[in-house]
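The structure file structure20.txt is reproduced below (compact mmCIF, C-alpha atoms and all ligand atoms).
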# COMPACT_ATOMS: atom_id res chain seq x y z
CA MET A 1 -179.86 13.18 35.38
CA THR A 2 -180.41 16.27 33.24
CA LYS A 3 -183.69 18.00 33.86
CA PRO A 4 -185.93 17.95 30.78
CA ILE A 5 -186.83 21.34 29.37
CA LEU A 6 -190.32 21.23 27.89
CA LEU A 7 -191.99 23.33 25.23
CA SER A 8 -194.71 25.02 27.28
CA THR A 9 -196.00 23.85 30.64
CA PRO A 10 -198.71 25.16 33.00
CA HIS A 11 -197.66 28.06 35.22
CA ILE A 12 -199.98 28.56 38.15
CA GLY A 13 -200.20 31.85 40.05
CA ASP A 14 -201.00 32.68 43.69
CA ARG A 15 -204.77 32.99 43.55
CA GLU A 16 -205.97 29.83 41.78
CA LEU A 17 -206.11 27.62 44.90
CA GLU A 18 -208.06 30.28 46.75
CA PHE A 19 -210.71 30.31 44.01
CA ILE A 20 -210.81 26.51 43.92
CA LYS A 21 -211.22 26.39 47.67
CA GLU A 22 -214.09 28.85 47.43
CA ALA A 23 -215.79 26.52 44.93
CA PHE A 24 -215.32 23.59 47.31
CA ASP A 25 -216.44 25.52 50.39
CA THR A 26 -219.66 26.62 48.69
CA ASN A 27 -220.16 23.25 46.94
CA TRP A 28 -220.29 24.90 43.52
CA ILE A 29 -218.52 22.04 41.77
CA ALA A 30 -220.87 21.55 38.83
CA PRO A 31 -220.78 23.26 35.43
CA VAL A 32 -222.78 26.13 36.89
CA GLY A 33 -221.80 28.56 39.60
CA PRO A 34 -220.47 31.99 40.42
CA HIS A 35 -216.90 31.41 39.17
CA ILE A 36 -218.20 30.72 35.68
CA ASP A 37 -220.16 33.95 35.53
CA ALA A 38 -217.24 35.89 36.99
CA PHE A 39 -214.71 34.22 34.69
CA GLU A 40 -216.80 35.14 31.65
CA GLN A 41 -217.22 38.70 32.81
CA GLU A 42 -213.56 39.17 33.69
CA PHE A 43 -212.58 37.63 30.37
CA CYS A 44 -214.73 40.21 28.57
CA GLU A 45 -213.11 43.02 30.56
CA ILE A 46 -209.62 41.85 29.65
CA THR A 47 -210.25 41.17 25.96
CA GLY A 48 -212.89 43.78 25.25
CA ALA A 49 -215.24 41.04 24.02
CA GLY A 50 -218.96 41.81 24.27
CA HIS A 51 -220.15 38.49 25.70
CA ALA A 52 -218.48 35.21 26.57
CA ALA A 53 -219.41 31.58 27.25
CA ALA A 54 -216.93 29.37 29.10
CA VAL A 55 -216.76 25.86 27.66
CA SER A 56 -214.84 22.62 28.13
CA SER A 57 -212.26 23.22 25.39
CA GLY A 58 -211.23 25.43 22.52
CA THR A 59 -212.28 22.67 20.16
CA ALA A 60 -215.77 22.64 21.68
CA ALA A 61 -215.92 26.43 21.20
CA ILE A 62 -215.06 26.05 17.50
CA HIS A 63 -217.67 23.30 17.11
CA LEU A 64 -220.33 25.52 18.70
CA SER A 65 -219.27 28.54 16.60
CA LEU A 66 -219.69 26.66 13.34
CA GLN A 67 -223.04 25.32 14.47
CA LEU A 68 -224.24 28.78 15.57
CA ILE A 69 -223.38 30.13 12.13
CA GLY A 70 -225.42 27.33 10.58
CA VAL A 71 -222.73 25.20 8.96
CA LYS A 72 -224.43 22.11 7.54
CA PRO A 73 -223.39 18.87 5.83
CA GLY A 74 -221.94 19.57 2.40
CA ASP A 75 -221.09 23.23 3.13
CA GLU A 76 -217.57 24.50 2.59
CA VAL A 77 -215.62 26.42 5.22
CA PHE A 78 -212.42 28.33 4.44
CA CYS A 79 -209.74 27.72 7.06
CA SER A 80 -206.07 28.57 7.66
CA THR A 81 -203.89 25.64 6.66
CA LEU A 82 -201.00 26.37 9.03
CA THR A 83 -202.56 25.40 12.35
CA PHE A 84 -203.30 22.67 14.83
CA VAL A 85 -205.78 20.05 13.66
CA ALA A 86 -208.35 21.18 16.26
CA THR A 87 -209.13 24.23 14.11
CA ALA A 88 -210.53 22.09 11.30
CA ASN A 89 -211.84 18.95 13.01
CA PRO A 90 -215.16 20.55 14.00
CA ILE A 91 -215.80 21.40 10.33
CA ILE A 92 -215.75 17.64 9.73
CA TYR A 93 -217.90 16.96 12.84
CA LEU A 94 -220.63 18.95 11.08
CA GLY A 95 -220.24 17.09 7.79
CA ALA A 96 -218.84 20.18 6.08
CA LYS A 97 -215.66 20.46 3.98
CA PRO A 98 -212.64 22.56 4.83
CA VAL A 99 -210.91 24.49 2.06
CA PHE A 100 -207.47 25.50 3.27
CA ILE A 101 -205.78 28.84 2.72
CA ASP A 102 -202.06 29.52 2.79
CA SER A 103 -200.15 31.85 5.11
CA ASP A 104 -198.32 35.07 4.38
CA ARG A 105 -194.72 35.62 5.41
CA THR A 106 -195.29 38.72 7.55
CA SER A 107 -197.46 37.08 10.20
CA TRP A 108 -197.36 33.37 9.23
CA ASN A 109 -201.17 33.60 9.31
CA MET A 110 -203.85 33.53 6.61
CA ASN A 111 -202.84 35.54 3.55
CA PRO A 112 -205.58 38.21 3.10
CA ASP A 113 -204.91 38.55 -0.65
CA LEU A 114 -205.38 34.85 -1.24
CA LEU A 115 -208.57 34.93 0.79
CA ARG A 116 -209.96 37.87 -1.18
CA GLU A 117 -209.13 36.25 -4.52
CA ALA A 118 -210.67 32.97 -3.42
CA LEU A 119 -213.86 34.69 -2.24
CA GLU A 120 -214.04 36.70 -5.48
CA HIS A 121 -213.74 33.54 -7.50
CA ARG A 122 -216.29 31.69 -5.38
CA ALA A 123 -218.75 34.58 -5.65
CA ARG A 124 -218.43 34.47 -9.44
CA ILE A 125 -219.26 30.78 -9.62
CA GLY A 126 -221.96 31.07 -6.93
CA LYS A 127 -220.19 28.83 -4.42
CA LEU A 128 -219.31 31.01 -1.46
CA PRO A 129 -218.18 29.21 1.70
CA LYS A 130 -220.48 29.18 4.74
CA ALA A 131 -217.77 30.66 6.99
CA VAL A 132 -214.10 31.60 7.21
CA VAL A 133 -212.02 30.37 10.16
CA VAL A 134 -208.87 32.45 10.61
CA VAL A 135 -206.16 31.36 13.07
CA HIS A 136 -203.88 33.63 15.10
CA LEU A 137 -200.78 31.51 15.36
CA TYR A 138 -198.15 31.27 18.08
CA GLY A 139 -199.38 34.41 19.85
CA GLN A 140 -199.51 36.61 16.76
CA SER A 141 -202.62 38.08 15.22
CA ALA A 142 -203.45 37.58 11.57
CA ASP A 143 -203.89 40.77 9.50
CA ILE A 144 -207.54 41.03 10.48
CA ASN A 145 -208.72 44.23 8.77
CA PRO A 146 -208.31 43.11 5.14
CA ILE A 147 -209.57 39.63 6.08
CA LEU A 148 -212.67 41.12 7.70
CA GLU A 149 -213.23 43.49 4.76
CA ALA A 150 -213.16 40.61 2.30
CA CYS A 151 -215.55 38.57 4.47
CA ASN A 152 -217.91 41.53 4.87
CA GLN A 153 -217.91 42.29 1.16
CA TYR A 154 -219.11 38.75 0.38
CA GLU A 155 -221.20 38.48 3.56
CA VAL A 156 -219.34 35.42 4.80
CA PRO A 157 -219.10 35.28 8.62
CA LEU A 158 -215.63 35.26 10.16
CA ILE A 159 -214.74 32.97 13.08
CA GLU A 160 -211.43 33.69 14.81
CA ASP A 161 -209.45 30.87 16.34
CA ALA A 162 -207.49 32.85 18.93
CA ALA A 163 -206.62 29.74 20.97
CA GLU A 164 -202.93 30.68 20.83
CA ALA A 165 -203.31 34.45 20.89
CA LEU A 166 -204.83 35.49 24.21
CA GLY A 167 -202.93 38.58 25.35
CA ALA A 168 -201.88 39.64 21.84
CA THR A 169 -203.11 42.78 20.12
CA TYR A 170 -204.08 43.85 16.62
CA LYS A 171 -204.09 47.64 16.31
CA GLY A 172 -204.54 47.81 20.06
CA ARG A 173 -207.44 45.35 20.30
CA SER A 174 -207.60 41.66 21.15
CA PRO A 175 -207.61 39.19 18.27
CA GLY A 176 -210.70 37.05 18.73
CA THR A 177 -212.98 40.09 19.14
CA PHE A 178 -213.18 41.22 15.50
CA GLY A 179 -215.11 38.46 13.79
CA ARG A 180 -218.70 37.33 14.35
CA ILE A 181 -217.40 34.77 16.88
CA GLY A 182 -214.00 34.26 18.48
CA ILE A 183 -212.66 31.35 20.48
CA TYR A 184 -209.84 30.83 22.99
CA SER A 185 -208.28 27.79 24.65
CA PHE A 186 -207.09 27.17 28.20
CA ASN A 187 -205.40 23.88 27.46
CA GLY A 188 -202.35 23.04 29.57
CA ASN A 189 -199.82 24.34 27.06
CA LYS A 190 -201.52 27.67 26.33
CA ILE A 191 -200.45 31.02 27.76
CA ILE A 192 -202.92 30.60 30.61
CA THR A 193 -204.66 27.38 31.50
CA THR A 194 -207.59 25.94 33.42
CA SER A 195 -206.05 22.46 32.87
CA GLY A 196 -208.54 22.24 30.01
CA GLY A 197 -211.15 24.69 28.85
CA GLY A 198 -212.16 27.25 26.28
CA MET A 199 -214.11 30.44 25.69
CA LEU A 200 -216.49 31.53 22.96
CA VAL A 201 -216.98 35.28 22.53
CA SER A 202 -219.20 37.47 20.41
CA ASP A 203 -220.71 40.95 20.44
CA GLU A 204 -224.12 39.39 19.80
CA PRO A 205 -225.72 38.42 23.10
CA GLU A 206 -228.19 36.00 21.43
CA LEU A 207 -225.35 34.03 19.88
CA VAL A 208 -223.58 33.62 23.20
CA ALA A 209 -226.83 32.71 24.96
CA LYS A 210 -227.43 30.09 22.27
CA ALA A 211 -223.87 28.78 22.78
CA ARG A 212 -224.58 28.29 26.51
CA PHE A 213 -227.86 26.56 25.64
CA LEU A 214 -226.20 24.16 23.18
CA ALA A 215 -223.31 23.57 25.60
CA THR A 216 -225.70 22.35 28.30
CA GLN A 217 -227.61 19.70 26.32
CA ALA A 218 -230.03 22.15 24.65
CA ARG A 219 -232.63 21.87 27.36
CA ASP A 220 -235.90 23.69 26.67
CA PRO A 221 -237.34 25.86 29.45
CA ALA A 222 -239.70 23.29 30.99
CA PRO A 223 -239.85 21.65 34.43
CA HIS A 224 -239.32 18.22 32.87
CA TYR A 225 -236.44 17.38 30.55
CA GLN A 226 -237.50 18.50 27.10
CA HIS A 227 -235.33 18.96 24.03
CA SER A 228 -236.17 20.34 20.60
CA GLU A 229 -232.56 20.49 19.41
CA ILE A 230 -229.45 18.36 19.70
CA GLY A 231 -227.01 19.81 22.21
CA TYR A 232 -223.70 18.96 23.82
CA ASN A 233 -222.14 18.60 27.24
CA TYR A 234 -219.59 21.35 26.66
CA ARG A 235 -219.82 23.68 29.67
CA LEU A 236 -216.77 24.44 31.80
CA SER A 237 -216.97 23.40 35.46
CA ASN A 238 -217.13 26.00 38.20
CA VAL A 239 -213.94 24.60 39.74
CA LEU A 240 -211.96 25.08 36.54
CA ALA A 241 -213.46 28.54 36.04
CA GLY A 242 -211.92 29.32 39.43
CA ILE A 243 -208.49 28.37 38.09
CA GLY A 244 -209.20 30.56 35.07
CA ARG A 245 -209.99 33.57 37.27
CA GLY A 246 -206.65 33.17 39.00
CA GLN A 247 -204.85 32.79 35.68
CA LEU A 248 -206.47 35.90 34.18
CA ARG A 249 -204.87 37.89 36.98
CA VAL A 250 -201.38 36.90 35.83
CA LEU A 251 -201.98 37.05 32.06
CA ASN A 252 -200.03 40.28 31.56
CA GLU A 253 -197.05 38.91 33.48
CA ARG A 254 -197.15 35.72 31.43
CA VAL A 255 -197.11 37.73 28.21
CA ALA A 256 -194.19 39.82 29.46
CA VAL A 257 -192.13 36.75 30.38
CA ARG A 258 -192.81 34.98 27.08
CA ARG A 259 -191.77 38.11 25.22
CA ARG A 260 -188.66 38.27 27.39
CA ASN A 261 -187.87 34.62 26.48
CA TYR A 262 -188.02 35.61 22.85
CA GLU A 263 -185.74 38.63 23.41
CA ILE A 264 -183.15 36.44 25.13
CA TYR A 265 -183.26 33.82 22.37
CA ALA A 266 -183.18 36.42 19.60
CA SER A 267 -180.25 38.37 21.00
CA ALA A 268 -178.21 35.19 21.60
CA LEU A 269 -179.09 33.32 18.40
CA GLY A 270 -180.31 35.97 15.97
CA ASN A 271 -176.87 36.46 14.44
CA LEU A 272 -176.11 32.78 13.83
CA PRO A 273 -175.87 32.09 10.10
CA GLY A 274 -179.12 30.68 8.73
CA ILE A 275 -181.29 31.46 11.76
CA LYS A 276 -184.30 33.78 11.47
CA PHE A 277 -187.04 34.27 14.05
CA MET A 278 -190.76 34.48 13.35
CA PRO A 279 -191.33 38.13 12.46
CA GLU A 280 -193.55 40.36 14.57
CA ALA A 281 -195.96 42.10 12.22
CA THR A 282 -196.16 45.89 12.60
CA PHE A 283 -199.95 45.84 13.04
CA GLY A 284 -199.88 44.43 16.54
CA ARG A 285 -198.07 43.04 19.52
CA ALA A 286 -197.39 39.30 19.62
CA THR A 287 -197.24 37.43 22.91
CA ARG A 288 -194.52 35.07 21.62
CA TRP A 289 -196.60 32.26 23.12
CA LEU A 290 -194.02 30.09 21.40
CA THR A 291 -190.72 31.43 20.13
CA CYS A 292 -190.33 30.04 16.61
CA LEU A 293 -187.37 30.20 14.31
CA ILE A 294 -186.51 29.21 10.76
CA VAL A 295 -183.41 27.15 10.04
CA ASP A 296 -182.12 27.78 6.54
CA PRO A 297 -180.16 24.56 5.92
CA LYS A 298 -177.81 26.10 3.34
CA ALA A 299 -176.60 28.94 5.51
CA PHE A 300 -176.89 27.10 8.83
CA GLY A 301 -175.06 24.01 7.58
CA THR A 302 -177.66 21.46 8.64
CA ASN A 303 -181.42 21.28 8.70
CA ARG A 304 -184.17 21.90 11.23
CA GLU A 305 -184.61 18.21 11.99
CA GLN A 306 -180.94 17.81 12.96
CA VAL A 307 -181.31 20.74 15.35
CA ARG A 308 -184.39 19.19 16.87
CA LEU A 309 -182.70 15.81 17.32
CA ALA A 310 -179.54 17.33 18.81
CA LEU A 311 -181.63 19.19 21.37
CA ALA A 312 -183.76 16.12 22.13
CA LYS A 313 -180.56 14.28 23.03
CA GLN A 314 -180.01 16.91 25.69
CA GLN A 315 -183.53 16.55 27.07
CA ILE A 316 -184.69 19.76 25.38
CA GLU A 317 -188.10 19.50 23.77
CA THR A 318 -188.66 21.46 20.56
CA ARG A 319 -191.31 20.96 17.87
CA PRO A 320 -191.51 21.54 14.16
CA VAL A 321 -193.89 24.33 13.22
CA TRP A 322 -197.43 22.94 12.65
CA LYS A 323 -197.66 20.56 9.75
CA PRO A 324 -200.08 22.31 7.35
CA LEU A 325 -203.50 20.71 7.40
CA HIS A 326 -203.55 20.24 3.61
CA LEU A 327 -200.58 17.87 4.07
CA GLN A 328 -202.32 15.82 6.76
CA PRO A 329 -203.37 12.36 5.59
CA VAL A 330 -206.82 12.89 7.09
CA PHE A 331 -207.40 15.98 4.89
CA ALA A 332 -205.71 14.60 1.78
CA GLU A 333 -208.88 15.06 -0.29
CA CYS A 334 -209.40 18.69 0.69
CA GLU A 335 -208.68 21.64 -1.56
CA CYS A 336 -205.94 24.09 -0.61
CA ILE A 337 -205.49 27.57 -2.03
CA GLY A 338 -201.74 28.16 -2.29
CA GLY A 339 -199.79 26.22 0.32
CA GLU A 340 -196.12 26.80 -0.49
CA VAL A 341 -195.53 29.28 2.33
CA ALA A 342 -197.02 27.02 5.00
CA GLU A 343 -195.10 24.05 3.59
CA ASP A 344 -191.85 25.99 3.77
CA LEU A 345 -192.53 27.17 7.35
CA PHE A 346 -193.23 23.57 8.35
CA GLU A 347 -190.13 22.30 6.57
CA ARG A 348 -187.75 24.77 8.18
CA GLY A 349 -189.57 26.06 11.29
CA LEU A 350 -188.88 25.06 14.87
CA CYS A 351 -190.64 26.03 18.11
CA LEU A 352 -188.37 26.49 21.12
CA PRO A 353 -189.16 25.92 24.79
CA SER A 354 -191.17 29.02 25.64
CA GLY A 355 -192.95 28.56 28.97
CA SER A 356 -193.26 31.51 31.34
CA ASN A 357 -191.80 29.31 34.08
CA LEU A 358 -188.48 28.65 32.34
CA THR A 359 -185.44 29.87 34.25
CA THR A 360 -182.63 31.87 32.66
CA GLN A 361 -180.48 28.75 33.14
CA ASP A 362 -183.02 26.77 31.10
CA LEU A 363 -182.92 29.37 28.33
CA ASP A 364 -179.15 29.34 28.48
CA ARG A 365 -179.06 25.56 28.06
CA VAL A 366 -181.22 25.85 24.93
CA ILE A 367 -179.03 28.64 23.59
CA GLN A 368 -175.81 26.71 24.24
CA ALA A 369 -177.23 23.61 22.58
CA ILE A 370 -178.30 25.46 19.41
CA THR A 371 -175.01 27.38 19.29
CA ALA A 372 -173.12 24.09 19.51
CA VAL A 373 -175.09 22.61 16.59
CA SER A 374 -174.38 25.75 14.61
CA THR A 375 -170.63 25.67 15.37
CA ASP A 376 -170.41 22.01 14.36
CA ALA A 377 -172.42 22.57 11.23
CA GLN A 378 -170.30 25.54 10.20
CA LYS A 379 -167.09 23.52 10.71
CA THR A 380 -168.36 20.69 8.53
CA TYR A 381 -169.64 23.22 6.04
CA THR A 382 -166.27 25.01 5.80
CA TYR A 383 -164.48 21.69 5.54
CA LEU A 384 -166.77 20.48 2.77
CA SER A 385 -166.57 23.68 0.80
CA GLN A 386 -162.76 23.67 1.02
CA SER A 387 -162.30 20.06 -0.03
C1 LIG B 1 -204.95 24.48 21.31
C2 LIG B 1 -205.59 24.88 20.05
C3 LIG B 1 -206.94 24.58 19.76
C4 LIG B 1 -207.76 23.65 20.61
O1 LIG B 1 -207.96 24.04 21.90
P1 LIG B 1 -208.33 22.92 22.99
O2 LIG B 1 -208.68 23.72 24.19
O3 LIG B 1 -207.08 22.12 23.18
O4 LIG B 1 -209.44 22.12 22.47
C5 LIG B 1 -207.52 25.06 18.61
N1 LIG B 1 -206.80 25.80 17.76
C6 LIG B 1 -205.50 26.10 17.96
C7 LIG B 1 -204.80 26.95 16.96
C8 LIG B 1 -204.85 25.64 19.09
O5 LIG B 1 -203.56 25.90 19.27
Any chance you could put this one into structure tokens?
Amino acid sequence: MTKPILLSTPHIGDRELEFIKEAFDTNWIAPVGPHIDAFEQEFCEITGAGHAAAVSSGTAAIHLSLQLIGVKPGDEVFCSTLTFVATANPIIYLGAKPVFIDSDRTSWNMNPDLLREALEHRARIGKLPKAVVVVHLYGQSADINPILEACNQYEVPLIEDAAEALGATYKGRSPGTFGRIGIYSFNGNKIITTSGGGMLVSDEPELVAKARFLATQARDPAPHYQHSEIGYNYRLSNVLAGIGRGQLRVLNERVAVRRRNYEIYASALGNLPGIKFMPEATFGRATRWLTCLIVDPKAFGTNREQVRLALAKQQIETRPVWKPLHLQPVFAECECIGGEVAEDLFERGLCLPSGSNLTTQDLDRVIQAITAVSTDAQKTYTYLSQS
């Protein structure tokens, strides 16, 4: 039987088991312990973040961020539309309303001009959003400087969802460390993983301390159990933090291999008619967490979905680019500013198998499969245009 080739699977290094064993040997299994402190500190060293709180998921980190900023029922929160649903769900958890913002074509991330115009308009009518959540998609940073400038001008706090962008840079610095709060994810498909987990970072120590407090059931400092606020059970366990410490040590290698995957795909497929890869914006270095391409049906001869299905038949998993949140049934009532770019990227975009543990044979199989679809499509295309 043909071996399935998956989109992005966990890739464990040499040190993780050692750290787990240390947690077992010292009986630090609970969501407290030395690995957590070390993981947070090492994460700050690698990203340049000021302070960090390790939590149970990226989604939990977003939920805490919005709460720390004071998002309340009825508030509006601006949010990238081209992203995974986990970016926006916590806005709903808090009873607030997302207002989606379209992407630009240079980074596929939030369009800074649209954001500025929207903030300008909202300032005029006295209805500024409570926060802006910008996403750094597929390992590429959004154009943070103009986004941050617009937020600062209207005094709206910026939260960065860098779940997919650990290891990337924006003008030499880590996306996730520019806004008031940044979040990361260590889910199984991300560039490094703790099996499940997340990180919340900020330069403000009080915010991060408050995040830890809320993540551990908001317990007041008293010998008995006393609570003056509603909290959550969102802390990462010490065992999983041990996995994270091991994974941090291989992050740079993982980035290098994912970029290499992209190079191999791009040099083999980049000249096929109707194929274009996700651009790398000049303001930073993308990790190519996922290699994404655009299938132009006219020039390619068939559409993205036919490519996906042809590859699925050969046990190769690919995925359409995120379906924009403003098109999701669950957000049907929400406002979206622009939307055409994200809709087009969804319509024509495909994510290829991109794991750092793929072999060159795996990559070759993907390349052969796409080339075969292209050859077939071109034949049919030539035939049709001649007849
Ligand atoms: C994975 C992901 C999340 C959620 O992270 P979890 O750790 O799975 O909760 C949030 N935003 C984006 C953009 C993601 O890709």
Which residue is closest to ligand LIG 1 (chain B)? Choose from A:Thr194, A:Thr360, A:Thr83, A:Gln217 and count all atoms listed in the file.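 Looking at the shortest contact to ligand LIG 1 (chain B), the residue is A:Thr83.
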Please identify every polymer residue within 9 Å of ligand LIG 1 (chain B), using all atoms listed in the file, and present the set as a PyMOL selection string. chain A and resi 56-62+82-88+135-138+161-165+183-190+196-199
Deliver the residues from the most recent selection as a file, using C-alpha atoms, as a JSON list (two decimals), in the frame of the given file.
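Writing the result to out-v6.json gives the following:
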[["chain", "number", "residue", "atom", "x", "y", "z"],
["A", 56, "SER", "CA", -214.84, 22.62, 28.13],
["A", 57, "SER", "CA", -212.26, 23.22, 25.39],
["A", 58, "GLY", "CA", -211.23, 25.43, 22.52],
["A", 59, "THR", "CA", -212.28, 22.67, 20.16],
["A", 60, "ALA", "CA", -215.77, 22.64, 21.68],
["A", 61, "ALA", "CA", -215.92, 26.43, 21.20],
["A", 62, "ILE", "CA", -215.06, 26.05, 17.50],
["A", 82, "LEU", "CA", -201.00, 26.37, 9.03],
["A", 83, "THR", "CA", -202.56, 25.40, 12.35],
["A", 84, "PHE", "CA", -203.30, 22.67, 14.83],
["A", 85, "VAL", "CA", -205.78, 20.05, 13.66],
["A", 86, "ALA", "CA", -208.35, 21.18, 16.26],
["A", 87, "THR", "CA", -209.13, 24.23, 14.11],
["A", 88, "ALA", "CA", -210.53, 22.09, 11.30],
["A", 135, "VAL", "CA", -206.16, 31.36, 13.07],
["A", 136, "HIS", "CA", -203.88, 33.63, 15.10],
["A", 137, "LEU", "CA", -200.78, 31.51, 15.36],
["A", 138, "TYR", "CA", -198.15, 31.27, 18.08],
["A", 161, "ASP", "CA", -209.45, 30.87, 16.34],
["A", 162, "ALA", "CA", -207.49, 32.85, 18.93],
["A", 163, "ALA", "CA", -206.62, 29.74, 20.97],
["A", 164, "GLU", "CA", -202.93, 30.68, 20.83],
["A", 165, "ALA", "CA", -203.31, 34.45, 20.89],
["A", 183, "ILE", "CA", -212.66, 31.35, 20.48],
["A", 184, "TYR", "CA", -209.84, 30.83, 22.99],
["A", 185, "SER", "CA", -208.28, 27.79, 24.65],
["A", 186, "PHE", "CA", -207.09, 27.17, 28.20],
["A", 187, "ASN", "CA", -205.40, 23.88, 27.46],
["A", 188, "GLY", "CA", -202.35, 23.04, 29.57],
["A", 189, "ASN", "CA", -199.82, 24.34, 27.06],
["A", 190, "LYS", "CA", -201.52, 27.67, 26.33],
["A", 196, "GLY", "CA", -208.54, 22.24, 30.01],
["A", 197, "GLY", "CA", -211.15, 24.69, 28.85],
["A", 198, "GLY", "CA", -212.16, 27.25, 26.28],
["A", 199, "MET", "CA", -214.11, 30.44, 25.69]]
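Distances here use all atoms listed in the file; by that measure, the residue among A:Pro146, A:Pro223, A:Gly339, A:Gly70 closest to Arg116 in chain A is A:Pro146.
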Just want the 8 Å neighbourhood of range 105-115 of chain A, counted on all atoms listed in the file, with same-chain residues fewer than 5 positions away dropped. Output as a list in words.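 Once the adjacent positions are removed, what remains is Ser80, Thr81, Leu82, Val134, Val135, His136, Leu137, Gln140, Ser141, Ala142, Asp143, Pro146, Ile147, Ala150, Met278, Pro279, Glu280, Ala281, Ile337, Gly338, Val341 and Ala342 of chain A.
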At a cut-off of 12 Å, using all atoms listed in the file, what residues contact range 374-381 of chain A? Leave out same-chain residues fewer than 2 positions from it and give the result as number ranges by chain. A: 269-275, 295-304, 306-307, 310-311, 367-372, 383-387
Output the selection as a PDB file, in the frame of the given file - C-alpha atoms for each residue.
ATOM      1  CA  LEU A 269    -179.090  33.320  18.400  1.00  0.00           C
ATOM      2  CA  GLY A 270    -180.310  35.970  15.970  1.00  0.00           C
ATOM      3  CA  ASN A 271    -176.870  36.460  14.440  1.00  0.00           C
ATOM      4  CA  LEU A 272    -176.110  32.780  13.830  1.00  0.00           C
ATOM      5  CA  PRO A 273    -175.870  32.090  10.100  1.00  0.00           C
ATOM      6  CA  GLY A 274    -179.120  30.680   8.730  1.00  0.00           C
ATOM      7  CA  ILE A 275    -181.290  31.460  11.760  1.00  0.00           C
ATOM      8  CA  VAL A 295    -183.410  27.150  10.040  1.00  0.00           C
ATOM      9  CA  ASP A 296    -182.120  27.780   6.540  1.00  0.00           C
ATOM     10  CA  PRO A 297    -180.160  24.560   5.920  1.00  0.00           C
ATOM     11  CA  LYS A 298    -177.810  26.100   3.340  1.00  0.00           C
ATOM     12  CA  ALA A 299    -176.600  28.940   5.510  1.00  0.00           C
ATOM     13  CA  PHE A 300    -176.890  27.100   8.830  1.00  0.00           C
ATOM     14  CA  GLY A 301    -175.060  24.010   7.580  1.00  0.00           C
ATOM     15  CA  THR A 302    -177.660  21.460   8.640  1.00  0.00           C
ATOM     16  CA  ASN A 303    -181.420  21.280   8.700  1.00  0.00           C
ATOM     17  CA  ARG A 304    -184.170  21.900  11.230  1.00  0.00           C
ATOM     18  CA  GLN A 306    -180.940  17.810  12.960  1.00  0.00           C
ATOM     19  CA  VAL A 307    -181.310  20.740  15.350  1.00  0.00           C
ATOM     20  CA  ALA A 310    -179.540  17.330  18.810  1.00  0.00           C
ATOM     21  CA  LEU A 311    -181.630  19.190  21.370  1.00  0.00           C
ATOM     22  CA  ILE A 367    -179.030  28.640  23.590  1.00  0.00           C
ATOM     23  CA  GLN A 368    -175.810  26.710  24.240  1.00  0.00           C
ATOM     24  CA  ALA A 369    -177.230  23.610  22.580  1.00  0.00           C
ATOM     25  CA  ILE A 370    -178.300  25.460  19.410  1.00  0.00           C
ATOM     26  CA  THR A 371    -175.010  27.380  19.290  1.00  0.00           C
ATOM     27  CA  ALA A 372    -173.120  24.090  19.510  1.00  0.00           C
ATOM     28  CA  TYR A 383    -164.480  21.690   5.540  1.00  0.00           C
ATOM     29  CA  LEU A 384    -166.770  20.480   2.770  1.00  0.00           C
ATOM     30  CA  SER A 385    -166.570  23.680   0.800  1.00  0.00           C
ATOM     31  CA  GLN A 386    -162.760  23.670   1.020  1.00  0.00           C
ATOM     32  CA  SER A 387    -162.300  20.060  -0.030  1.00  0.00           C
TER      33      SER A 387
END
Would you kindly return, as a VMD selection string, each protein, DNA or RNA residue with an atom no farther than 8 Å from any atom of range 3-17 of chain A, considering only C-alpha atoms and excluding same-chain residues fewer than 2 positions away? chain A and resid 1 19 to 21 188 to 190 192 to 193 195 242 to 247 250 290 314 to 319 351 to 357 362
Atom pair CA of Val77 in chain A / CA of Phe100 in chain A: separation (Å): 8.4 Å
Interatomic distance (Å, one decimal) between CA of Ala286 in chain A and CA of Thr169 in chain A: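 Here the two named atoms are 6.7 Å from each other.
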Using all atoms listed in the file, pick whichever of A:Gln41, A:Asn27, A:Thr359, A:Ser202 has the shortest atom-to-atom distance to Leu68 in chain A.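 Counting all atoms listed in the file, the residue closest to Leu68 in chain A is A:Ser202.
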Distance CA of Cys334 in chain A-CA of Ile125 in chain A, one decimal place?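 Computing it gives 18.7 Å between the two atoms.
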Residues near Val132 in chain A, anyone? I mean within 10 Å using all atoms listed in the file, not counting same-chain ones fewer than 3 positions away, as an MDAnalysis selection string. chainID A and resid 66 76:80 98:101 115 119 129 135 147:148 151 156:160 179
